[in-house]
$ cat start39.cif   # mmCIF, C-alpha atoms
data_query
loop_
_atom_site.label_atom_id
_atom_site.label_comp_id
_atom_site.auth_asym_id
_atom_site.auth_seq_id
_atom_site.Cartn_x
_atom_site.Cartn_y
_atom_site.Cartn_z
CA MET A 176 62.80 22.62 49.48
CA THR A 177 65.68 24.53 50.94
CA THR A 178 66.86 27.89 49.73
CA PRO A 179 70.42 27.93 48.37
CA ALA A 180 72.86 30.14 50.26
CA THR A 181 72.96 32.61 47.38
CA GLN A 182 69.24 33.42 47.29
CA VAL A 183 67.19 35.79 49.41
CA ASP A 184 65.42 34.07 52.25
CA PRO A 185 61.66 34.26 51.56
CA ALA A 186 61.07 35.15 55.22
CA ILE A 187 63.19 38.31 54.76
CA ALA A 188 62.29 39.26 51.18
CA GLY A 189 59.12 41.20 51.95
CA ARG A 190 60.60 43.70 54.35
CA GLY A 191 61.94 46.15 51.80
CA TYR A 192 65.63 46.00 52.65
CA ALA A 193 68.24 47.32 50.24
CA HIS A 194 70.41 44.19 50.66
CA PRO A 195 68.09 41.48 51.96
CA GLU A 196 70.66 38.77 51.16
CA VAL A 197 72.65 39.67 54.31
CA LEU A 198 69.90 38.34 56.57
CA VAL A 199 68.70 34.78 56.99
CA SER A 200 65.88 33.46 59.15
CA THR A 201 66.16 30.85 61.90
CA GLN A 202 64.26 28.53 59.55
CA TRP A 203 66.91 29.00 56.86
CA VAL A 204 69.63 28.19 59.38
CA ALA A 205 67.75 25.10 60.54
CA GLU A 206 67.68 23.93 56.92
CA HIS A 207 71.42 24.52 56.48
CA LEU A 208 72.76 22.92 59.66
CA ASN A 209 74.57 20.28 57.63
CA ASP A 210 75.50 22.48 54.69
CA PRO A 211 79.30 22.30 54.31
CA THR A 212 79.35 25.66 52.51
CA VAL A 213 77.89 27.40 55.56
CA ARG A 214 79.67 28.07 58.85
CA LEU A 215 77.60 29.20 61.81
CA ILE A 216 79.39 31.58 64.17
CA GLU A 217 78.12 32.51 67.60
CA SER A 218 79.34 35.85 68.98
CA ASP A 219 77.96 36.92 72.33
CA GLU A 220 78.12 39.71 74.81
CA ASP A 221 77.92 37.08 77.52
CA THR A 222 80.75 34.76 76.56
CA LEU A 223 79.46 31.97 78.83
CA LEU A 224 76.44 31.42 76.61
CA TYR A 225 78.17 29.42 73.89
CA ALA A 226 79.53 26.90 76.40
CA SER A 227 76.09 26.60 78.02
CA GLY A 228 74.61 25.48 74.68
CA HIS A 229 74.67 26.64 71.05
CA ILE A 230 73.24 25.81 67.64
CA PRO A 231 74.62 22.42 66.52
CA GLY A 232 77.75 22.87 64.45
CA ALA A 233 78.30 26.51 65.42
CA VAL A 234 81.75 27.77 66.39
CA GLN A 235 82.42 30.56 68.85
CA VAL A 236 84.16 33.78 67.92
CA ASP A 237 84.74 35.86 71.02
CA TRP A 238 85.55 39.46 70.26
CA THR A 239 88.03 40.03 73.09
CA ALA A 240 89.82 36.71 72.75
CA ASP A 241 89.59 36.27 68.98
CA LEU A 242 89.11 39.61 67.24
CA ASN A 243 91.29 41.99 69.22
CA ASP A 244 95.02 42.51 69.24
CA PRO A 245 96.13 41.23 72.66
CA ILE A 246 98.40 44.21 73.36
CA ARG A 247 97.35 47.29 71.41
CA ARG A 248 93.86 48.70 71.25
CA ASP A 249 93.20 47.51 67.73
CA TYR A 250 91.78 44.58 65.80
CA LEU A 251 93.71 41.53 64.79
CA ASN A 252 95.97 41.83 61.75
CA ARG A 253 95.93 39.86 58.52
CA GLU A 254 97.92 36.92 59.92
CA GLY A 255 95.66 36.77 62.96
CA PHE A 256 92.56 36.78 60.77
CA GLU A 257 93.97 34.04 58.54
CA GLN A 258 94.69 31.89 61.61
CA LEU A 259 91.20 32.50 63.00
CA MET A 260 89.57 31.52 59.71
CA SER A 261 91.75 28.43 59.49
CA ARG A 262 90.86 27.43 63.04
CA ILE A 263 87.12 27.67 62.41
CA GLY A 264 87.44 25.86 59.09
CA VAL A 265 86.41 28.70 56.82
CA THR A 266 87.57 29.36 53.25
CA PRO A 267 86.87 32.54 51.25
CA GLU A 268 84.00 30.64 49.62
CA THR A 269 82.35 29.70 52.93
CA THR A 270 79.16 31.58 53.80
CA VAL A 271 79.57 32.67 57.41
CA VAL A 272 76.36 33.22 59.35
CA PHE A 273 76.66 35.16 62.59
CA TYR A 274 74.22 35.03 65.48
CA GLY A 275 74.35 35.92 69.14
CA ASP A 276 72.68 37.31 72.23
CA LYS A 277 71.44 40.84 72.84
CA ASN A 278 69.68 41.30 69.49
CA ASN A 279 72.76 40.23 67.54
CA TRP A 280 74.74 43.17 68.88
CA TRP A 281 78.07 41.28 69.04
CA ALA A 282 77.19 39.27 65.97
CA CYS A 283 77.05 42.55 64.02
CA TYR A 284 80.33 43.58 65.58
CA ALA A 285 82.04 40.39 64.43
CA PHE A 286 80.39 40.81 61.02
CA TRP A 287 81.89 44.31 60.83
CA VAL A 288 85.39 43.08 61.72
CA PHE A 289 85.09 40.37 59.06
CA GLN A 290 84.31 43.11 56.53
CA LEU A 291 87.57 44.87 57.39
CA PHE A 292 89.16 41.80 55.81
CA GLY A 293 86.69 41.67 52.93
CA HIS A 294 84.89 38.44 53.85
CA THR A 295 81.72 39.60 52.10
CA ASN A 296 80.23 36.13 52.06
CA ALA A 297 78.62 36.88 55.42
CA LYS A 298 75.13 36.99 56.88
CA ILE A 299 73.33 37.61 60.15
CA MET A 300 70.66 35.26 61.51
CA ASP A 301 67.65 37.51 62.09
CA GLY A 302 66.48 37.37 65.70
CA GLY A 303 69.72 35.78 66.89
CA ARG A 304 70.00 33.38 69.76
CA LEU A 305 66.85 34.64 71.44
CA LYS A 306 64.57 33.75 68.53
CA TRP A 307 66.22 30.37 67.99
CA GLU A 308 65.72 29.50 71.66
CA LYS A 309 62.16 30.80 71.79
CA GLU A 310 61.26 28.60 68.85
CA GLY A 311 62.53 25.60 70.78
CA ARG A 312 65.09 24.71 68.15
CA PRO A 313 67.96 22.32 68.97
CA MET A 314 70.92 23.39 71.11
CA THR A 315 74.00 21.41 72.04
CA ARG A 316 77.05 21.72 74.29
CA GLU A 317 79.14 19.74 71.83
CA VAL A 318 81.97 21.83 70.40
CA PRO A 319 82.56 20.97 66.74
CA ASN A 320 85.98 20.44 65.23
CA TYR A 321 86.55 21.39 61.61
CA PRO A 322 89.63 20.54 59.59
CA PRO A 323 91.87 23.64 59.42
CA THR A 324 91.73 25.51 56.13
CA GLN A 325 94.19 27.59 54.15
CA TYR A 326 92.81 31.12 54.17
CA ARG A 327 94.56 33.99 52.42
CA ALA A 328 93.23 37.35 53.57
CA PRO A 329 94.02 40.79 52.20
CA GLU A 330 95.55 43.39 54.54
CA ARG A 331 92.96 44.90 56.85
CA ASP A 332 91.23 47.83 55.13
CA ASP A 333 90.54 50.57 57.68
CA THR A 334 89.50 53.17 55.12
CA LYS A 335 85.96 52.27 54.08
CA ILE A 336 83.94 51.33 57.14
CA ARG A 337 86.21 52.36 60.00
CA VAL A 338 87.09 55.87 61.10
CA PHE A 339 89.72 57.33 63.45
CA ARG A 340 89.68 60.30 65.80
CA ASP A 341 91.28 62.88 63.49
CA GLN A 342 88.79 62.01 60.78
CA VAL A 343 85.97 62.35 63.30
CA LEU A 344 87.21 65.80 64.30
CA ALA A 345 87.30 66.88 60.64
CA HIS A 346 83.80 65.40 60.22
CA VAL A 347 82.52 67.47 63.18
CA GLN A 348 84.13 70.62 61.81
CA ALA A 349 82.50 69.97 58.43
CA ARG A 350 79.15 69.62 60.28
CA LYS A 351 78.49 66.21 58.82
CA PRO A 352 76.09 63.83 60.57
CA LEU A 353 77.00 61.49 63.40
CA VAL A 354 74.80 58.97 65.18
CA ASP A 355 75.40 58.34 68.87
CA VAL A 356 73.77 54.98 69.53
CA ARG A 357 74.24 54.96 73.31
CA SER A 358 71.46 55.39 75.86
CA PRO A 359 70.04 58.90 76.39
CA GLN A 360 71.77 59.03 79.81
CA GLU A 361 75.15 58.34 78.25
CA TYR A 362 74.43 60.84 75.48
CA THR A 363 73.60 63.68 77.87
CA GLY A 364 76.56 62.87 80.10
CA GLU A 365 74.36 62.36 83.15
CA ARG A 366 76.44 60.97 85.97
CA VAL A 367 75.55 57.86 87.86
CA HIS A 368 75.65 58.71 91.51
CA MET A 369 77.03 55.60 92.99
CA PRO A 370 80.26 55.47 94.92
CA GLU A 371 83.11 53.65 93.21
CA TYR A 372 81.14 53.03 90.07
CA PRO A 373 83.42 53.49 87.07
CA ASN A 374 82.22 56.29 84.85
CA GLU A 375 82.12 54.39 81.54
CA GLY A 376 85.88 54.46 81.29
CA ALA A 377 85.83 58.12 80.18
CA LEU A 378 86.90 61.23 82.02
CA ARG A 379 84.24 63.44 80.47
CA GLY A 380 80.55 62.79 79.80
CA GLY A 381 78.45 64.01 76.91
CA HIS A 382 78.53 63.45 73.17
CA ILE A 383 80.37 64.48 70.02
CA PRO A 384 78.95 67.84 68.84
CA GLY A 385 76.16 67.49 66.32
CA ALA A 386 75.55 63.80 66.97
CA LYS A 387 71.97 62.57 66.92
CA ASN A 388 70.99 60.14 69.65
CA VAL A 389 69.37 56.98 68.31
CA PRO A 390 69.85 54.09 70.75
CA TRP A 391 70.91 51.10 68.70
CA ALA A 392 68.17 48.73 69.89
CA ARG A 393 65.46 50.91 68.37
CA ALA A 394 66.18 49.05 65.13
CA ILE A 395 64.93 45.85 66.73
CA ASN A 396 61.55 44.29 67.48
CA PRO A 397 62.06 43.62 71.19
CA GLU A 398 59.78 40.57 71.41
CA ASP A 399 61.83 38.36 69.08
CA GLY A 400 65.02 40.32 68.38
CA THR A 401 64.36 40.61 64.63
CA PHE A 402 65.15 43.74 62.67
CA LYS A 403 62.36 46.20 61.98
CA SER A 404 61.17 46.57 58.37
CA ALA A 405 62.82 49.09 56.05
CA ALA A 406 59.77 51.38 56.31
CA GLU A 407 59.93 51.35 60.12
CA LEU A 408 63.68 51.98 60.06
CA ARG A 409 63.27 54.89 57.65
CA ALA A 410 60.67 56.39 59.96
CA ILE A 411 63.31 56.49 62.71
CA TYR A 412 66.49 57.44 60.88
CA GLU A 413 65.05 59.58 58.09
CA GLN A 414 61.67 61.04 59.08
CA GLU A 415 62.49 61.47 62.77
CA GLN A 416 66.24 62.14 62.70
CA GLY A 417 66.57 63.71 59.27
CA LEU A 418 69.35 61.49 57.90
CA LYS A 419 69.55 61.16 54.15
CA PRO A 420 70.63 58.01 52.29
CA ASP A 421 73.54 59.79 50.60
CA ASP A 422 74.86 61.34 53.83
CA ASP A 423 78.39 60.66 54.98
CA ILE A 424 77.59 59.18 58.41
CA ILE A 425 79.71 58.19 61.40
CA ALA A 426 78.22 55.96 64.09
CA TYR A 427 79.76 55.56 67.53
CA CYS A 428 78.98 54.29 71.03
CA ARG A 429 81.36 53.38 73.85
CA ILE A 430 83.84 51.11 72.11
CA GLY A 431 82.23 50.62 68.72
CA GLU A 432 80.21 47.48 69.43
CA ARG A 433 76.68 48.85 69.58
CA SER A 434 77.43 51.23 66.73
CA SER A 435 78.45 48.37 64.44
CA HIS A 436 74.84 47.20 64.82
CA THR A 437 73.61 50.59 63.60
CA TRP A 438 76.28 50.54 60.88
CA PHE A 439 74.83 47.22 59.73
CA VAL A 440 71.28 48.59 59.71
CA LEU A 441 72.12 51.74 57.78
CA THR A 442 74.50 50.06 55.33
CA TYR A 443 72.67 46.85 54.47
CA LEU A 444 69.04 47.22 55.47
CA LEU A 445 68.66 50.82 54.28
CA GLY A 446 71.46 50.72 51.69
CA TYR A 447 73.37 53.88 52.67
CA PRO A 448 76.67 53.78 50.76
CA ARG A 449 78.82 55.84 53.17
CA VAL A 450 78.53 54.79 56.81
CA ARG A 451 81.59 54.34 59.00
CA ASN A 452 82.01 53.06 62.53
CA TYR A 453 84.17 54.99 64.99
CA ASP A 454 85.42 52.18 67.23
CA GLY A 455 87.47 54.56 69.37
CA SER A 456 84.05 55.88 70.34
CA TRP A 457 83.35 57.51 73.69
CA THR A 458 86.14 55.73 75.55
CA GLU A 459 88.53 57.58 73.26
CA TRP A 460 86.68 60.85 72.64
CA GLY A 461 85.73 61.33 76.30
CA ASN A 462 89.40 61.02 77.25
CA LEU A 463 90.97 63.11 74.48
CA VAL A 464 92.49 66.42 75.48
CA GLY A 465 90.99 69.48 73.83
CA VAL A 466 88.31 67.96 71.59
CA PRO A 467 84.85 69.57 71.56
CA ILE A 468 82.09 67.97 73.62
CA GLU A 469 78.41 68.80 73.72
CA ARG A 470 76.06 68.08 76.61
CA MET B 39 95.78 43.35 103.93
CA ALA B 40 92.20 43.22 102.78
CA THR B 41 89.80 41.83 105.33
CA TYR B 42 87.04 40.74 103.01
CA PRO B 43 85.04 37.55 103.66
CA GLU B 44 87.00 34.31 104.07
CA LYS B 45 84.68 32.33 101.78
CA LEU B 46 85.29 34.78 99.00
CA LYS B 47 89.06 34.57 99.46
CA GLU B 48 88.87 30.79 99.14
CA LEU B 49 86.80 30.97 95.99
CA LEU B 50 89.17 33.50 94.46
CA GLU B 51 92.11 31.21 95.20
CA ASP B 52 90.32 28.40 93.35
CA PHE B 53 89.67 30.62 90.37
CA ALA B 54 93.21 32.00 90.31
CA PHE B 55 94.47 28.56 89.21
CA ILE B 56 92.23 28.35 86.15
CA THR B 57 93.99 29.04 82.89
CA ASP B 58 91.70 27.17 80.52
CA ARG B 59 88.83 29.20 79.07
CA ASN B 60 86.52 26.18 78.83
CA GLU B 61 87.18 25.07 82.39
CA ARG B 62 86.37 28.56 83.64
CA ALA B 63 83.18 28.67 81.58
CA ALA B 64 82.04 25.28 82.90
CA LEU B 65 82.59 26.38 86.50
CA LEU B 66 80.76 29.67 86.02
CA ILE B 67 77.83 27.97 84.27
CA GLU B 68 77.54 25.58 87.21
CA LEU B 69 77.33 28.58 89.54
CA ALA B 70 74.78 30.33 87.31
CA ASP B 71 72.60 27.19 87.47
CA ARG B 72 72.06 27.88 91.20
CA PHE B 73 70.60 31.33 90.47
CA PRO B 74 67.01 30.39 91.51
CA GLU B 75 68.31 30.15 95.10
CA VAL B 76 69.30 33.83 95.10
CA GLN B 77 66.42 35.23 93.01
CA VAL B 78 64.65 37.95 94.99
CA PRO B 79 61.51 36.56 96.69
CA GLU B 80 58.16 38.35 96.38
CA ARG B 81 58.17 39.39 100.03
CA ILE B 82 61.23 41.58 99.25
CA ALA B 83 60.31 42.98 95.85
CA THR B 84 57.91 42.50 92.94
CA ARG B 85 58.02 43.68 89.34
CA PRO B 86 58.39 46.36 88.18
CA PHE B 87 61.51 46.50 90.31
CA PRO B 88 62.41 49.93 91.66
CA GLU B 89 65.05 51.85 89.75
CA GLU B 90 67.14 52.49 92.87
CA HIS B 91 67.88 48.77 93.11
CA ARG B 92 68.98 48.51 89.51
CA VAL B 93 72.66 48.02 88.72
CA PRO B 94 73.65 50.94 86.49
CA HIS B 95 74.90 50.05 83.01
CA CYS B 96 74.61 46.32 83.59
CA GLU B 97 73.52 45.04 80.20
CA SER B 98 71.62 42.18 81.78
CA GLU B 99 69.28 44.43 83.75
CA ALA B 100 70.39 43.23 87.16
CA TYR B 101 68.93 44.34 90.51
CA VAL B 102 70.27 43.92 94.04
CA TRP B 103 68.54 43.99 97.44
CA ALA B 104 69.82 43.54 100.98
CA GLU B 105 67.70 42.05 103.75
CA ASP B 106 68.55 42.55 107.42
CA LEU B 107 69.28 39.35 109.28
CA PRO B 108 68.76 39.11 113.08
CA ASP B 109 72.52 38.94 113.72
CA GLY B 110 73.13 42.34 112.12
CA THR B 111 74.45 40.95 108.84
CA LEU B 112 72.75 41.13 105.46
CA LYS B 113 71.31 38.60 103.05
CA TYR B 114 71.71 39.73 99.45
CA TRP B 115 69.03 39.04 96.85
CA PHE B 116 69.26 39.46 93.11
CA ALA B 117 67.22 39.71 89.94
CA VAL B 118 68.62 39.33 86.43
CA GLU B 119 65.95 40.19 83.89
CA ASN B 120 67.91 39.25 80.77
CA PRO B 121 67.11 35.54 80.30
CA GLN B 122 70.54 35.14 78.67
CA GLY B 123 72.46 37.00 81.38
CA LEU B 124 74.48 33.99 82.48
CA SER B 125 77.49 35.93 83.76
CA ALA B 126 75.31 38.26 85.84
CA ARG B 127 73.63 35.18 87.32
CA ALA B 128 76.95 33.54 88.15
CA MET B 129 78.15 36.78 89.77
CA SER B 130 74.96 36.98 91.86
CA VAL B 131 75.36 33.41 93.12
CA ILE B 132 79.01 34.04 93.98
CA LEU B 133 78.15 37.18 95.94
CA ASP B 134 75.32 35.50 97.84
CA GLU B 135 77.33 32.40 98.68
CA THR B 136 80.38 34.33 99.87
CA CYS B 137 78.97 37.59 101.28
CA SER B 138 75.45 36.95 102.64
CA GLY B 139 75.59 36.61 106.43
CA GLN B 140 79.14 37.98 106.55
CA PRO B 141 80.04 41.11 108.57
CA PRO B 142 78.95 44.14 106.49
CA ALA B 143 82.23 45.90 107.30
CA GLN B 144 84.07 43.04 105.56
CA VAL B 145 81.73 42.96 102.58
CA ALA B 146 82.26 46.70 102.17
CA GLU B 147 85.98 45.93 101.64
CA VAL B 148 85.46 43.56 98.70
CA PRO B 149 87.42 44.92 95.74
CA THR B 150 85.34 45.27 92.57
CA ASP B 151 88.18 43.85 90.45
CA ILE B 152 87.45 40.34 91.78
CA VAL B 153 85.40 40.27 88.56
CA PHE B 154 88.61 39.77 86.56
CA THR B 155 89.86 36.93 88.78
CA LEU B 156 86.51 35.21 88.38
CA PHE B 157 85.68 35.90 84.73
CA GLY B 158 89.17 36.31 83.31
CA ARG B 159 91.21 39.30 82.23
CA GLU B 160 89.90 39.04 78.70
CA ILE B 161 86.27 39.94 79.40
CA SER B 162 85.09 43.06 77.63
CA MET B 163 85.14 46.43 79.33
CA GLY B 164 81.37 46.75 79.15
CA LYS B 165 80.82 43.36 80.68
CA GLY B 166 83.48 43.97 83.32
CA GLN B 167 81.80 47.22 84.29
CA GLY B 168 78.37 45.64 84.46
CA LEU B 169 79.63 42.86 86.72
CA MET B 170 81.62 45.31 88.83
CA GLY B 171 78.39 47.26 89.13
CA ILE B 172 76.74 44.26 90.80
CA VAL B 173 79.66 44.00 93.25
CA SER B 174 79.49 47.77 93.89
CA MET B 175 75.79 47.54 94.66
CA VAL B 176 76.36 44.78 97.25
CA LYS B 177 79.21 46.81 98.78
CA HIS B 178 77.01 49.89 98.83
CA PHE B 179 74.38 48.13 100.97
CA ALA B 180 77.07 46.64 103.22
CA ARG B 181 78.72 50.03 103.69
CA GLU B 182 75.41 51.66 104.59
CA ARG B 183 74.73 48.99 107.21
CA ALA B 184 78.28 49.12 108.56
CA ALA B 185 78.05 52.91 108.93
CA GLN B 186 74.79 52.62 110.87
CA ARG B 187 76.41 50.24 113.31
CA ALA B 188 79.54 52.28 113.78
#
$ encode --input "start39.cif" --output "structure tokens"
Amino acid sequence: MTTPATQVDPAIAGRGYAHPEVLVSTQWVAEHLNDPTVRLIESDEDTLLYASGHIPGAVQVDWTADLNDPIRRDYLNREGFEQLMSRIGVTPETTVVFYGDKNNWWACYAFWVFQLFGHTNAKIMDGGRLKWEKEGRPMTREVPNYPPTQYRAPERDDTKIRVFRDQVLAHVQARKPLVDVRSPQEYTGERVHMPEYPNEGALRGGHIPGAKNVPWARAINPEDGTFKSAAELRAIYEQEQGLKPDDDIIAYCRIGERSSHTWFVLTYLLGYPRVRNYDGSWTEWGNLVGVPIER
Amino acid sequence: MATYPEKLKELLEDFAFITDRNERAALLIELADRFPEVQVPERIATRPFPEEHRVPHCESEAYVWAEDLPDGTLKYWFAVENPQGLSARAMSVILDETCSGQPPAQVAEVPTDIVFTLFGREISMGKGQGLMGIVSMVKHFARERAAQRA
């Protein structure tokens, strides 16, 4: 018996998530490899991985090549998104399932970009590439070809889950919560003493005033890359860090990739209604003239 | 004119002609497959690897060592602890094959932006910095050795 794409995966159901339907297990994916209503999408930090072998039928979406505007520092526009969806053979009805390396870090990032265009029919494969490989499930180097689709997307909506620098400044002044998901060394602005090593692409080190430091990977079970249970996540974000579900929260990191992972956790696994990702992140804030910085 | 190792110049020329993403990926994966040949042997280092050999900010948890060779050059050794760190592995193999046994003064001249010729302009900033970190680490050891000889 396979679970239809619309139902909660039994492997996920017991973990207490607010929106368990956004996660599927490797077993679920294995059962839907030939499901024409499902499109598997691999998104990796290491872009060589897909070519070295991927889940049969999966397409690659590379964030630099596919999701970014080639000239400006911004995401692709509506036309670009429509072309991408056409190329990977996706319609608005297709359930897209993202997976990738590094605990699904880039998979969550791609998921977030897809939400800017309202493709809500989207899921993450819990455990990502690591778990799939560890379980010895099939991999292939064969790149699939899907017939192009007609995909009509709405204009990109940057108001609900994305935030810009002026809004962040107002947020700081209003003393609302921020989560800095970078490493403690990046958060404190500690310098790396190595000649010629680029300093994270920012002129100043430190963090946005008032931000709490919760490295993104704390949401993950390191042995298999799966997400921690809702109770474990609440222990970190609520009991330890004092966030409240109805808080207006901004997450950031260096360029907004790691923080989209935390955005995913807070929004879907814990069900917080108002979490936004600041993709300008430290590479913008640490270079801005005159903004406050805390060390 | 930069005086960095001849073998590296040749490899960079080969890579400069690649325009196809898949062709580049195939070539880099082939290089990464030779990683066991450059993996640090136990006589040089054992786990847990010392922090001072770790490449800062490299997401794949890469480490670099330099071993003195009798002719005054260095042999570079690497560890990449992320089992999925294919790019870091490819970078390690490239650095060993083109810089080990080469005059340290030349290796010290290797520009870190070779990363973009090898991996393509479109790689992410984080990845670019991690890979440049591996190059910087090799250069750092070469520079130290070159300074001692000067």
$ interface_residues --input "start39.cif" --of "chain A" --to "chain B" --cutoff "12 Å" --atoms "only C-alpha atoms" --output "PyMOL selection string"
chain A and resi 219-228+235+237-246+275-278+280-281+303-306+308-309+316+318+357-358+360-361+365-377+428-433+458
$ resolve_selection --input "start39.cif" --expression "the PyMOL selection byres ((chain B and resi 176) around 12)" --output "PDB file with C-alpha atoms, in the frame of the given file"
ATOM      1  CA  MET A 369      77.030  55.600  92.990  1.00  0.00           C
ATOM      2  CA  PRO A 370      80.260  55.470  94.920  1.00  0.00           C
ATOM      3  CA  GLU A 371      83.110  53.650  93.210  1.00  0.00           C
ATOM      4  CA  TYR A 372      81.140  53.030  90.070  1.00  0.00           C
TER       5      TYR A 372
ATOM      6  CA  HIS B  91      67.880  48.770  93.110  1.00  0.00           C
ATOM      7  CA  ARG B  92      68.980  48.510  89.510  1.00  0.00           C
ATOM      8  CA  VAL B  93      72.660  48.020  88.720  1.00  0.00           C
ATOM      9  CA  ALA B 100      70.390  43.230  87.160  1.00  0.00           C
ATOM     10  CA  TYR B 101      68.930  44.340  90.510  1.00  0.00           C
ATOM     11  CA  VAL B 102      70.270  43.920  94.040  1.00  0.00           C
ATOM     12  CA  TRP B 103      68.540  43.990  97.440  1.00  0.00           C
ATOM     13  CA  ALA B 104      69.820  43.540 100.980  1.00  0.00           C
ATOM     14  CA  GLU B 105      67.700  42.050 103.750  1.00  0.00           C
ATOM     15  CA  LEU B 112      72.750  41.130 105.460  1.00  0.00           C
ATOM     16  CA  LYS B 113      71.310  38.600 103.050  1.00  0.00           C
ATOM     17  CA  TYR B 114      71.710  39.730  99.450  1.00  0.00           C
ATOM     18  CA  TRP B 115      69.030  39.040  96.850  1.00  0.00           C
ATOM     19  CA  PHE B 116      69.260  39.460  93.110  1.00  0.00           C
ATOM     20  CA  MET B 129      78.150  36.780  89.770  1.00  0.00           C
ATOM     21  CA  SER B 130      74.960  36.980  91.860  1.00  0.00           C
ATOM     22  CA  ILE B 132      79.010  34.040  93.980  1.00  0.00           C
ATOM     23  CA  LEU B 133      78.150  37.180  95.940  1.00  0.00           C
ATOM     24  CA  ASP B 134      75.320  35.500  97.840  1.00  0.00           C
ATOM     25  CA  THR B 136      80.380  34.330  99.870  1.00  0.00           C
ATOM     26  CA  CYS B 137      78.970  37.590 101.280  1.00  0.00           C
ATOM     27  CA  SER B 138      75.450  36.950 102.640  1.00  0.00           C
ATOM     28  CA  GLN B 140      79.140  37.980 106.550  1.00  0.00           C
ATOM     29  CA  PRO B 142      78.950  44.140 106.490  1.00  0.00           C
ATOM     30  CA  ALA B 143      82.230  45.900 107.300  1.00  0.00           C
ATOM     31  CA  GLN B 144      84.070  43.040 105.560  1.00  0.00           C
ATOM     32  CA  VAL B 145      81.730  42.960 102.580  1.00  0.00           C
ATOM     33  CA  ALA B 146      82.260  46.700 102.170  1.00  0.00           C
ATOM     34  CA  GLU B 147      85.980  45.930 101.640  1.00  0.00           C
ATOM     35  CA  VAL B 148      85.460  43.560  98.700  1.00  0.00           C
ATOM     36  CA  PRO B 149      87.420  44.920  95.740  1.00  0.00           C
ATOM     37  CA  THR B 150      85.340  45.270  92.570  1.00  0.00           C
ATOM     38  CA  LEU B 169      79.630  42.860  86.720  1.00  0.00           C
ATOM     39  CA  MET B 170      81.620  45.310  88.830  1.00  0.00           C
ATOM     40  CA  GLY B 171      78.390  47.260  89.130  1.00  0.00           C
ATOM     41  CA  ILE B 172      76.740  44.260  90.800  1.00  0.00           C
ATOM     42  CA  VAL B 173      79.660  44.000  93.250  1.00  0.00           C
ATOM     43  CA  SER B 174      79.490  47.770  93.890  1.00  0.00           C
ATOM     44  CA  MET B 175      75.790  47.540  94.660  1.00  0.00           C
ATOM     45  CA  LYS B 177      79.210  46.810  98.780  1.00  0.00           C
ATOM     46  CA  HIS B 178      77.010  49.890  98.830  1.00  0.00           C
ATOM     47  CA  PHE B 179      74.380  48.130 100.970  1.00  0.00           C
ATOM     48  CA  ALA B 180      77.070  46.640 103.220  1.00  0.00           C
ATOM     49  CA  ARG B 181      78.720  50.030 103.690  1.00  0.00           C
ATOM     50  CA  GLU B 182      75.410  51.660 104.590  1.00  0.00           C
ATOM     51  CA  ARG B 183      74.730  48.990 107.210  1.00  0.00           C
TER      52      ARG B 183
END
$ resolve_selection --input "start39.cif" --expression "the PyMOL selection byres ((chain B and resi 110) around 9)" --output "PyMOL selection string"
chain B and resi 106-109+111-112+139+141-142+183+187
$ closest_residue --input "start39.cif" --among "A:Asn296, A:Asn279, A:Pro384, A:Leu441" --to "A:Leu344" --atoms "all atoms listed in the file"
A:Pro384
$ atom_distance --input "start39.cif" --atom1 "atom CA of A:Tyr250" --atom2 "atom CA of A:Thr363"
29.0 Å
$ resolve_selection --input "start39.cif" --expression "the PyMOL selection byres ((chain A and resi 420) around 8)" --output "NGL selection string"
:A and (418-419 or 421-422 or 445-448)
$ atom_distance --input "start39.cif" --atom1 "atom CA of B:Phe55" --atom2 "atom CA of B:Glu135"
20.0 Å
$ axis_aligned_box --input "start39.cif" --around "stretch 148-161 of chain B" --padding-each-side "8 Å" --output "lines of an AutoDock Vina configuration file"
center_x = 88.3
center_y = 40.2
center_z = 88.7
size_x = 21.9
size_y = 26.1
size_z = 36.0
$ residues_around --input "start39.cif" --residues "A:Gly381" --least-positions-apart "6" --cutoff "7 Å" --atoms "all atoms listed in the file" --output "MDAnalysis selection string"
chainID A and resid 361:364 468:470
$ atom_distance --input "start39.cif" --atom1 "atom CA of A:His294" --atom2 "atom CA of A:Ile425"
21.8 Å
$ residues_around --input "start39.cif" --residues "A:Ser435" --least-positions-apart "2" --cutoff "7 Å" --atoms "all atoms listed in the file" --output "VMD selection string"
chain A and resid 283 to 284 287 431 to 433 437 to 439 452
$ residues_around --input "start39.cif" --residues "stretch 396-407 of chain A" --least-positions-apart "6" --cutoff "6 Å" --atoms "only C-alpha atoms" --output "list in words"
Arg190, Gly191, Tyr192, Asn278, Asp301, Gly302 and Lys306 of chain A
$ write_last_selection --input "start39.cif" --atoms "C-alpha atoms" --output "PDB file, keeping the file's coordinate frame"
ATOM      1  CA  ARG A 190      60.600  43.700  54.350  1.00  0.00           C
ATOM      2  CA  GLY A 191      61.940  46.150  51.800  1.00  0.00           C
ATOM      3  CA  TYR A 192      65.630  46.000  52.650  1.00  0.00           C
ATOM      4  CA  ASN A 278      69.680  41.300  69.490  1.00  0.00           C
ATOM      5  CA  ASP A 301      67.650  37.510  62.090  1.00  0.00           C
ATOM      6  CA  GLY A 302      66.480  37.370  65.700  1.00  0.00           C
ATOM      7  CA  LYS A 306      64.570  33.750  68.530  1.00  0.00           C
TER       8      LYS A 306
END
